[in-house]
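Enquirer: I'd like to ask some things about the structure below.
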Amino acid sequence: MPFTFRETGVVDLIVIEPVSFADDRGVFRETFKAADFAAAGLPSQFVQTNLSVSRSGVLRGLHFQTDPMAQGKLVSCSAGSVFDVAVDLRVGSPTYGEWFGEELSLANGRLLWIPAGFAHGFCVLDGDAVLTYSVTEVYSGPDDGGIRFDDPDIGVRWPIKGPILSAKDQSLPSLADGNPGFRYV
């Protein structure tokens with residue numbers, strides 16, 4: 001099996017570390033293998049893959065889609081490096097409201113499996129970062145939602161100061177605002 005699956009302490013959120021094969025030409029690694037993911041209890045089929053390119057200092061998130069279009073995401077970084085964050089928004093989950101962050105980069109090759117019912121965001125640590133995420137549901141504007149990146153009740157410790165934010169991300173509500181988009185059970 002070319003992957004190590006590591007629990008994070010947040011229920012169902014998994015860090016995936018592929019085995020890398022390096023020589024004087026460079027590096028080769030598998031980033032997804034349906035049989036290995038299925039054997040680990042993770043999705044083995046995705047319906048859409050997205051690419052995000054962001055410059056240093058950019059912070060995107062925290063975003064999610066609600067039921068019936070809630071997305072699970074398999075996230076990787078193929079250039080630069082990011083601090084990738086997931087927040088458990090599943091009402092009734094023993095880790096509801098908890099967050100986890102992991103550096104993803106080309107160098108470390110890590111991937112993060114983020115189940116449906118989580119908010120997702122990231123900040124770029126250096127260079128232009130290229131993030132790819134394969135999702136279990138297609139994008140649906142009416143089911144799109146988000147919470148503030150700096151929500152004090154969640155308390156994500158972002159490793160950058162004064163991030164570059166979109167107008168949308170600057171206006172997102174906090175978790176305590178009772179975001180009407182939360183429909184997780």
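Simple scheme: letters A, B, ... for chains in structure tokens order, numbers from 1 for residues in each chain, numbers from 1 for ligands in the order shown.
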Excluding Lys73 of chain A and residues on its chain fewer than 5 positions from it, collect all residues at most 6 Å away from it, counting only C-alpha atoms, and give them as a PyMOL selection string.
Expert: chain A and resi 113-114+133-135
Enquirer: Would you return as a PyMOL selection string the members of segment 90-130 of chain A that DSSP assigns to strand (DSSP E) on this structure's backbone?
Expert: chain A and resi 99-105+111-114+118-130
Enquirer: Residues of chain A in alpha helix (DSSP H) according to DSSP, as a ChimeraX atom specification?
Expert: /A:34-39,167-170
Enquirer: Quick one: everything within 8 Å of Asp12 of chain A, counting only C-alpha atoms, minus sequence neighbours fewer than 2 positions away in the same chain. Send it as a VMD selection string.
Expert: chain A and resid 7 10 14 114 to 115
Enquirer: Find the residues near segment 44-56 of chain A: any atom within 6 Å, counting only C-alpha atoms, skip ones fewer than 2 places away on the same chain, and give them as a count of residues only.
Expert: 19
Enquirer: Neighbours of Ser171 of chain A within 10 Å (only C-alpha atoms; same-chain residues fewer than 4 positions away dropped), as a list in words?
Expert: Gly146, Ile147, Arg148, Leu165, Ser166 and Ala167 of chain A
Enquirer: Create the file for the chosen residues now, containing C-alpha atoms and written as a compact mmCIF listing (two decimals), in the first residue's frame.
Expert:
```
# COMPACT_ATOMS: atom_id res chain seq x y z
CA GLY A 146 -19.07 29.81 4.88
CA ILE A 147 -17.95 31.04 8.28
CA ARG A 148 -15.40 33.68 9.24
CA LEU A 165 -9.15 38.04 1.63
CA SER A 166 -11.90 38.16 -0.98
CA ALA A 167 -14.89 40.45 -0.38
```
Enquirer: Could you tell me how far atom CA of Gly41 of chain A sits from atom CA of Val156 of chain A, in Å to one decimal place?
Expert: 27.6 Å
Enquirer: Give the answer as one residue: which of A:Gly61, A:Gly9, A:Ala116, A:Glu103 has the shortest atom-to-atom distance to Ile164 of chain A, using only C-alpha atoms?
Expert: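 For Ile164 of chain A, the nearest of the candidates is A:Gly61.
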Enquirer: Neighbours of Asp36 of chain A within 12 Å (only C-alpha atoms; same-chain residues fewer than 5 positions away dropped), as a PyMOL selection string?
Expert: chain A and resi 1-5+16+18+30-31+41-45
Enquirer: Taking only C-alpha atoms into account, name the residue in A:Gly26, A:Gly101, A:Gly72, A:Gly57 that is nearest to Arg157 of chain A.
Expert: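 Nearest candidate to Arg157 of chain A out of A:Gly26, A:Gly101, A:Gly72, A:Gly57: A:Gly101.
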Enquirer: Ser174 of chain A: which residues within 9 Å, counting only C-alpha atoms, same-chain residues fewer than 5 positions away excluded, as a VMD selection string?
Expert: chain A and resid 146 to 154 179
Enquirer: Would you export the selected residues with C-alpha atoms as a JSON list (two decimals), in the first residue's frame, please?
Expert:
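Below is the file that was written, result-v4.json:
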```
[["chain", "number", "residue", "atom", "x", "y", "z"],
["A", 146, "GLY", "CA", -19.07, 29.81, 4.88],
["A", 147, "ILE", "CA", -17.95, 31.04, 8.28],
["A", 148, "ARG", "CA", -15.40, 33.68, 9.24],
["A", 149, "PHE", "CA", -11.77, 32.60, 9.08],
["A", 150, "ASP", "CA", -11.13, 34.41, 12.36],
["A", 151, "ASP", "CA", -14.22, 33.24, 14.29],
["A", 152, "PRO", "CA", -13.16, 33.48, 17.95],
["A", 153, "ASP", "CA", -15.37, 30.54, 18.95],
["A", 154, "ILE", "CA", -13.41, 28.27, 16.60],
["A", 179, "ASN", "CA", -25.73, 30.76, 9.86]]
```
Enquirer: One number please: atom CA of Gln71 of chain A to atom CA of Arg90 of chain A, in Å, one decimal.
Expert: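 So the two atoms, atom CA of Gln71 of chain A and atom CA of Arg90 of chain A, lie 12.6 Å apart.
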